[in-house]
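S.K.: Structure incoming, see below.
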Amino acid sequence: GLEKMQASSSIYLGMQLLLPGEWAPAHRHTPNAVRMIVEGEGAYTTVDGEKCPMRRGDLILTPTGLWHEHGHDGTEPVVWLDVLDLPLVYYTETSYAIEGKVQDVTATQLERNYARGGIVPSPVFARDSARSYPMLRYPWKDARAALVELADTQPGIEAVQVAYVNPETGADCQNILGFSALMLRPGETLNLPARSPAMVFHLIEGGAAIDIDGNA
């Protein structure tokens, strides 16, 4: 049953394949969803009128209640990892989805407005206060560059990790579930503290071994 579609009590994970020319019609639903692109290029997600290209490692938000659709103009299959807070929404009996019509694209790659930490569009002219989620796409190339620069500027730091946040508020990029990127330097062993909430790791590049309570 649907109640078993979960990786933890709060996290649903699923892999999706989109072939060239395929299209997933516009829809919206109560669970928050995130797409982590695994491989391939040429696909896109349009969220609330913003067309977000899909490239390996990118994090794309489809927050609760926002219209979104997927399309593919490229030549190779695209695979992404879906991460949803579906188990929580299902538990509260508030899960539903609605299908709609094709969206009009009104913007593309608005994340470039927030590509520099500490510098955001002026609220007088450029900031859209009606957008609860000013960034819907978090490019991997920017996250990777931030990790590399953090490691270079703070070589003694215990963990090279960056958080995906709302650039207007500093809060988590999307409510309920938090997202971050962690880099292990060559030869590094990192002991993570024990924690109650479940955590999922998705490997974007390189390789690592994980030991959980003595189980490698």
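By order in the structure tokens, chains are A, B, ...; within a chain, residues start at 1; ligands start at 1, following the order shown.
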Using only C-alpha atoms, determine which residues lie at most 9 Å from A:Gln161, disregarding the query and same-chain residues fewer than 3 positions distant; provide the list as an mmCIF file with all heavy atoms, in the first residue's frame.
M.R.:
```
data_model
loop_
_atom_site.group_PDB
_atom_site.id
_atom_site.type_symbol
_atom_site.label_atom_id
_atom_site.label_comp_id
_atom_site.auth_asym_id
_atom_site.auth_seq_id
_atom_site.Cartn_x
_atom_site.Cartn_y
_atom_site.Cartn_z
ATOM 1 N N LEU A 147 31.923 24.331 -2.241
ATOM 2 C CA LEU A 147 32.617 23.328 -1.435
ATOM 3 C C LEU A 147 34.131 23.434 -1.611
ATOM 4 O O LEU A 147 34.890 23.397 -0.634
ATOM 5 C CB LEU A 147 32.144 21.922 -1.822
ATOM 6 C CG LEU A 147 30.727 21.536 -1.394
ATOM 7 C CD1 LEU A 147 30.290 20.271 -2.121
ATOM 8 C CD2 LEU A 147 30.648 21.342 0.105
ATOM 9 N N LEU A 150 35.412 26.553 0.091
ATOM 10 C CA LEU A 150 35.382 26.402 1.543
ATOM 11 C C LEU A 150 36.562 25.565 2.016
ATOM 12 O O LEU A 150 37.213 25.891 3.020
ATOM 13 C CB LEU A 150 34.056 25.749 1.964
ATOM 14 C CG LEU A 150 33.827 25.554 3.460
ATOM 15 C CD1 LEU A 150 33.860 26.879 4.198
ATOM 16 C CD2 LEU A 150 32.502 24.840 3.698
ATOM 17 N N SER A 180 21.664 19.467 1.942
ATOM 18 C CA SER A 180 23.009 20.024 2.013
ATOM 19 C C SER A 180 23.922 19.202 1.117
ATOM 20 O O SER A 180 23.557 18.121 0.641
ATOM 21 C CB SER A 180 23.535 20.008 3.456
ATOM 22 O OG SER A 180 23.635 18.676 3.948
ATOM 23 N N ALA A 181 25.118 19.734 0.866
ATOM 24 C CA ALA A 181 26.138 19.034 0.073
ATOM 25 C C ALA A 181 27.391 18.893 0.934
ATOM 26 O O ALA A 181 27.822 19.849 1.569
ATOM 27 C CB ALA A 181 26.448 19.798 -1.210
ATOM 28 N N LEU A 182 27.949 17.720 0.930
ATOM 29 C CA LEU A 182 29.109 17.389 1.760
ATOM 30 C C LEU A 182 30.234 16.889 0.860
ATOM 31 O O LEU A 182 29.996 16.067 -0.035
ATOM 32 C CB LEU A 182 28.722 16.309 2.778
ATOM 33 C CG LEU A 182 29.827 15.712 3.651
ATOM 34 C CD1 LEU A 182 30.345 16.746 4.648
ATOM 35 C CD2 LEU A 182 29.301 14.480 4.389
ATOM 36 N N MET A 183 31.453 17.395 1.092
ATOM 37 C CA MET A 183 32.610 16.953 0.314
ATOM 38 C C MET A 183 33.630 16.297 1.228
ATOM 39 O O MET A 183 34.028 16.881 2.250
ATOM 40 C CB MET A 183 33.261 18.137 -0.409
ATOM 41 C CG MET A 183 34.446 17.730 -1.291
ATOM 42 S SD MET A 183 35.180 19.118 -2.207
ATOM 43 C CE MET A 183 36.154 19.897 -0.924
ATOM 44 N N LEU A 184 34.065 15.095 0.870
ATOM 45 C CA LEU A 184 35.151 14.443 1.573
ATOM 46 C C LEU A 184 36.438 14.669 0.792
ATOM 47 O O LEU A 184 36.510 14.410 -0.402
ATOM 48 C CB LEU A 184 34.893 12.938 1.698
ATOM 49 C CG LEU A 184 33.770 12.502 2.644
ATOM 50 C CD1 LEU A 184 33.660 10.979 2.655
ATOM 51 C CD2 LEU A 184 34.011 13.021 4.054
#
```
S.K.: With only C-alpha atoms as the counted atoms, please give the residues lying no more than 8 Å from A:Gly100, apart from itself and same-chain residues fewer than 3 positions off, as a short mmCIF file (atom, residue, chain, number, x, y, z; two decimals) with all heavy atoms, in the first residue's frame.
M.R.:
```cif
data_model
loop_
_atom_site.label_atom_id
_atom_site.label_comp_id
_atom_site.auth_asym_id
_atom_site.auth_seq_id
_atom_site.Cartn_x
_atom_site.Cartn_y
_atom_site.Cartn_z
N PRO A 25 2.70 15.96 -18.00
CA PRO A 25 1.82 17.13 -17.97
C PRO A 25 1.85 17.86 -16.64
O PRO A 25 2.23 17.30 -15.60
CB PRO A 25 0.43 16.51 -18.23
CG PRO A 25 0.70 15.20 -18.88
CD PRO A 25 1.99 14.71 -18.30
N ALA A 26 1.45 19.12 -16.67
CA ALA A 26 1.44 19.96 -15.47
C ALA A 26 0.56 19.36 -14.38
O ALA A 26 -0.52 18.85 -14.66
CB ALA A 26 0.96 21.37 -15.82
N HIS A 27 1.05 19.41 -13.17
CA HIS A 27 0.30 18.92 -12.03
C HIS A 27 0.83 19.60 -10.77
O HIS A 27 1.88 20.22 -10.78
CB HIS A 27 0.42 17.39 -11.91
CG HIS A 27 1.84 16.91 -11.81
ND1 HIS A 27 2.71 16.89 -12.88
CD2 HIS A 27 2.55 16.46 -10.74
CE1 HIS A 27 3.88 16.43 -12.49
NE2 HIS A 27 3.82 16.16 -11.20
N ARG A 28 0.09 19.49 -9.71
CA ARG A 28 0.54 19.98 -8.43
C ARG A 28 0.01 19.06 -7.34
O ARG A 28 -0.99 18.37 -7.53
CB ARG A 28 0.10 21.42 -8.18
CG ARG A 28 -1.40 21.65 -8.14
CD ARG A 28 -1.69 23.12 -7.88
NE ARG A 28 -3.14 23.39 -7.82
CZ ARG A 28 -3.66 24.57 -7.52
NH1 ARG A 28 -2.85 25.59 -7.26
NH2 ARG A 28 -4.97 24.74 -7.49
N TRP A 67 2.42 24.49 -9.42
CA TRP A 67 2.31 23.76 -10.68
C TRP A 67 3.70 23.42 -11.20
O TRP A 67 4.61 24.24 -11.15
CB TRP A 67 1.57 24.59 -11.73
CG TRP A 67 0.11 24.77 -11.46
CD1 TRP A 67 -0.51 25.90 -11.03
CD2 TRP A 67 -0.91 23.78 -11.61
NE1 TRP A 67 -1.86 25.69 -10.90
CE2 TRP A 67 -2.14 24.39 -11.25
CE3 TRP A 67 -0.92 22.44 -12.01
CZ2 TRP A 67 -3.35 23.72 -11.27
CZ3 TRP A 67 -2.12 21.76 -12.05
CH2 TRP A 67 -3.33 22.39 -11.68
#
```
S.K.: At a cut-off of 12 Å, using only C-alpha atoms, what residues contact A:Met199? Leave out same-chain residues fewer than 6 positions from it and give the result as a list in words.
M.R.: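 Here the answer would be Ala7, Ser8, Ser9, Ser10, Ile11, Tyr12, Leu13, Val83, Leu177, Gly178, Phe179, Ser180, Leu192, Pro193 and Ile212 of chain A.
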S.K.: Taking the DSSP assignment computed from this structure's backbone, write out as a PyMOL selection string all residues of chain A that belong to alpha helix (DSSP H).
M.R.: chain A and resi 86-91+140-153
S.K.: Find the residue from A:Met135, A:Ala115, A:Val120, A:Val78 that sits nearest to A:Val165; use only C-alpha atoms when measuring.
M.R.: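 The shortest atom-to-atom distance to A:Val165 comes from A:Met135.
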S.K.: Considering only C-alpha atoms, return as a list of chain:residue names whatever protein or nucleic-acid residues lie within 7 Å of A:Leu59, sequence-local ones (same chain, fewer than 2 positions apart) excluded.
M.R.: A:Val34, A:Arg35, A:Met36, A:Ile37, A:Gly57, A:Leu61, A:Arg137, A:Tyr138, A:Pro139
S.K.: Using only C-alpha atoms, determine which residues lie at most 12 Å from stretch 91-95 of chain A, disregarding the query and same-chain residues fewer than 4 positions distant; provide the list as a PDB file with N, CA, C and O atoms, in the first residue's frame.
M.R.:
```pdb
ATOM      1  N   LEU A   2       0.202   2.391  -0.156  1.00  0.00           N
ATOM      2  CA  LEU A   2       0.913   3.663  -0.216  1.00  0.00           C
ATOM      3  C   LEU A   2       1.675   3.933   1.058  1.00  0.00           C
ATOM      4  O   LEU A   2       2.724   4.578   1.041  1.00  0.00           O
ATOM      5  N   GLU A   3       1.168   3.439   2.191  1.00  0.00           N
ATOM      6  CA  GLU A   3       1.835   3.724   3.460  1.00  0.00           C
ATOM      7  C   GLU A   3       3.226   3.100   3.531  1.00  0.00           C
ATOM      8  O   GLU A   3       4.030   3.470   4.376  1.00  0.00           O
ATOM      9  N   LYS A   4       3.542   2.153   2.664  1.00  0.00           N
ATOM     10  CA  LYS A   4       4.856   1.506   2.655  1.00  0.00           C
ATOM     11  C   LYS A   4       5.809   2.160   1.656  1.00  0.00           C
ATOM     12  O   LYS A   4       6.956   1.724   1.530  1.00  0.00           O
ATOM     13  N   MET A   5       5.357   3.165   0.932  1.00  0.00           N
ATOM     14  CA  MET A   5       6.219   3.834  -0.051  1.00  0.00           C
ATOM     15  C   MET A   5       7.082   4.869   0.657  1.00  0.00           C
ATOM     16  O   MET A   5       6.830   6.066   0.600  1.00  0.00           O
ATOM     17  N   GLN A   6       8.114   4.395   1.378  1.00  0.00           N
ATOM     18  CA  GLN A   6       8.926   5.313   2.149  1.00  0.00           C
ATOM     19  C   GLN A   6      10.308   4.721   2.398  1.00  0.00           C
ATOM     20  O   GLN A   6      10.483   3.518   2.503  1.00  0.00           O
ATOM     21  N   SER A   9      10.400   7.334   7.989  1.00  0.00           N
ATOM     22  CA  SER A   9       9.079   7.782   8.413  1.00  0.00           C
ATOM     23  C   SER A   9       8.693   9.122   7.813  1.00  0.00           C
ATOM     24  O   SER A   9       7.522   9.507   7.843  1.00  0.00           O
ATOM     25  N   SER A  10       9.671   9.847   7.240  1.00  0.00           N
ATOM     26  CA  SER A  10       9.367  11.164   6.672  1.00  0.00           C
ATOM     27  C   SER A  10       9.828  11.338   5.237  1.00  0.00           C
ATOM     28  O   SER A  10       9.527  12.356   4.613  1.00  0.00           O
ATOM     29  N   ILE A  11      10.551  10.379   4.671  1.00  0.00           N
ATOM     30  CA  ILE A  11      11.172  10.548   3.356  1.00  0.00           C
ATOM     31  C   ILE A  11      10.737   9.445   2.389  1.00  0.00           C
ATOM     32  O   ILE A  11      10.814   8.257   2.710  1.00  0.00           O
ATOM     33  N   ARG A  28       0.085  19.494  -9.715  1.00  0.00           N
ATOM     34  CA  ARG A  28       0.544  19.984  -8.426  1.00  0.00           C
ATOM     35  C   ARG A  28       0.007  19.058  -7.338  1.00  0.00           C
ATOM     36  O   ARG A  28      -0.993  18.374  -7.533  1.00  0.00           O
ATOM     37  N   HIS A  29       0.698  19.026  -6.205  1.00  0.00           N
ATOM     38  CA  HIS A  29       0.296  18.122  -5.138  1.00  0.00           C
ATOM     39  C   HIS A  29       0.721  18.684  -3.795  1.00  0.00           C
ATOM     40  O   HIS A  29       1.543  19.606  -3.711  1.00  0.00           O
ATOM     41  N   THR A  30       0.156  18.113  -2.754  1.00  0.00           N
ATOM     42  CA  THR A  30       0.460  18.604  -1.411  1.00  0.00           C
ATOM     43  C   THR A  30       1.851  18.217  -0.925  1.00  0.00           C
ATOM     44  O   THR A  30       2.487  19.015  -0.234  1.00  0.00           O
ATOM     45  N   PRO A  31       2.382  17.027  -1.222  1.00  0.00           N
ATOM     46  CA  PRO A  31       3.747  16.747  -0.761  1.00  0.00           C
ATOM     47  C   PRO A  31       4.772  17.678  -1.413  1.00  0.00           C
ATOM     48  O   PRO A  31       4.657  18.020  -2.598  1.00  0.00           O
ATOM     49  N   ASN A  32       5.769  18.095  -0.637  1.00  0.00           N
ATOM     50  CA  ASN A  32       6.924  18.771  -1.202  1.00  0.00           C
ATOM     51  C   ASN A  32       7.767  17.748  -1.954  1.00  0.00           C
ATOM     52  O   ASN A  32       7.906  16.604  -1.513  1.00  0.00           O
ATOM     53  N   THR A  64       5.205  22.288  -2.289  1.00  0.00           N
ATOM     54  CA  THR A  64       3.792  21.960  -2.139  1.00  0.00           C
ATOM     55  C   THR A  64       2.906  23.006  -2.807  1.00  0.00           C
ATOM     56  O   THR A  64       3.093  24.208  -2.642  1.00  0.00           O
ATOM     57  N   GLY A  65       1.975  22.522  -3.621  1.00  0.00           N
ATOM     58  CA  GLY A  65       0.974  23.395  -4.223  1.00  0.00           C
ATOM     59  C   GLY A  65       1.383  24.115  -5.486  1.00  0.00           C
ATOM     60  O   GLY A  65       0.532  24.733  -6.128  1.00  0.00           O
ATOM     61  N   LEU A  84      10.581  13.190  -1.576  1.00  0.00           N
ATOM     62  CA  LEU A  84       9.331  13.799  -1.142  1.00  0.00           C
ATOM     63  C   LEU A  84       9.102  13.573   0.355  1.00  0.00           C
ATOM     64  O   LEU A  84       9.586  12.576   0.920  1.00  0.00           O
ATOM     65  N   ASP A  85       8.336  14.484   0.953  1.00  0.00           N
ATOM     66  CA  ASP A  85       7.905  14.273   2.334  1.00  0.00           C
ATOM     67  C   ASP A  85       6.556  13.541   2.359  1.00  0.00           C
ATOM     68  O   ASP A  85       5.756  13.713   3.281  1.00  0.00           O
ATOM     69  N   LEU A  86       6.322  12.702   1.367  1.00  0.00           N
ATOM     70  CA  LEU A  86       5.051  12.000   1.184  1.00  0.00           C
ATOM     71  C   LEU A  86       4.601  11.216   2.420  1.00  0.00           C
ATOM     72  O   LEU A  86       3.409  11.231   2.753  1.00  0.00           O
ATOM     73  N   PRO A  87       5.498  10.501   3.121  1.00  0.00           N
ATOM     74  CA  PRO A  87       5.010   9.741   4.287  1.00  0.00           C
ATOM     75  C   PRO A  87       4.330  10.618   5.343  1.00  0.00           C
ATOM     76  O   PRO A  87       3.321  10.214   5.924  1.00  0.00           O
TER      77      PRO A  87
END
```
S.K.: I want to know what sits within 7 Å of A:Leu66, based on only C-alpha atoms, with residues of the same chain fewer than 3 positions away left out; could you give that as a PyMOL selection string?
M.R.: chain A and resi 28+47-48+62-63
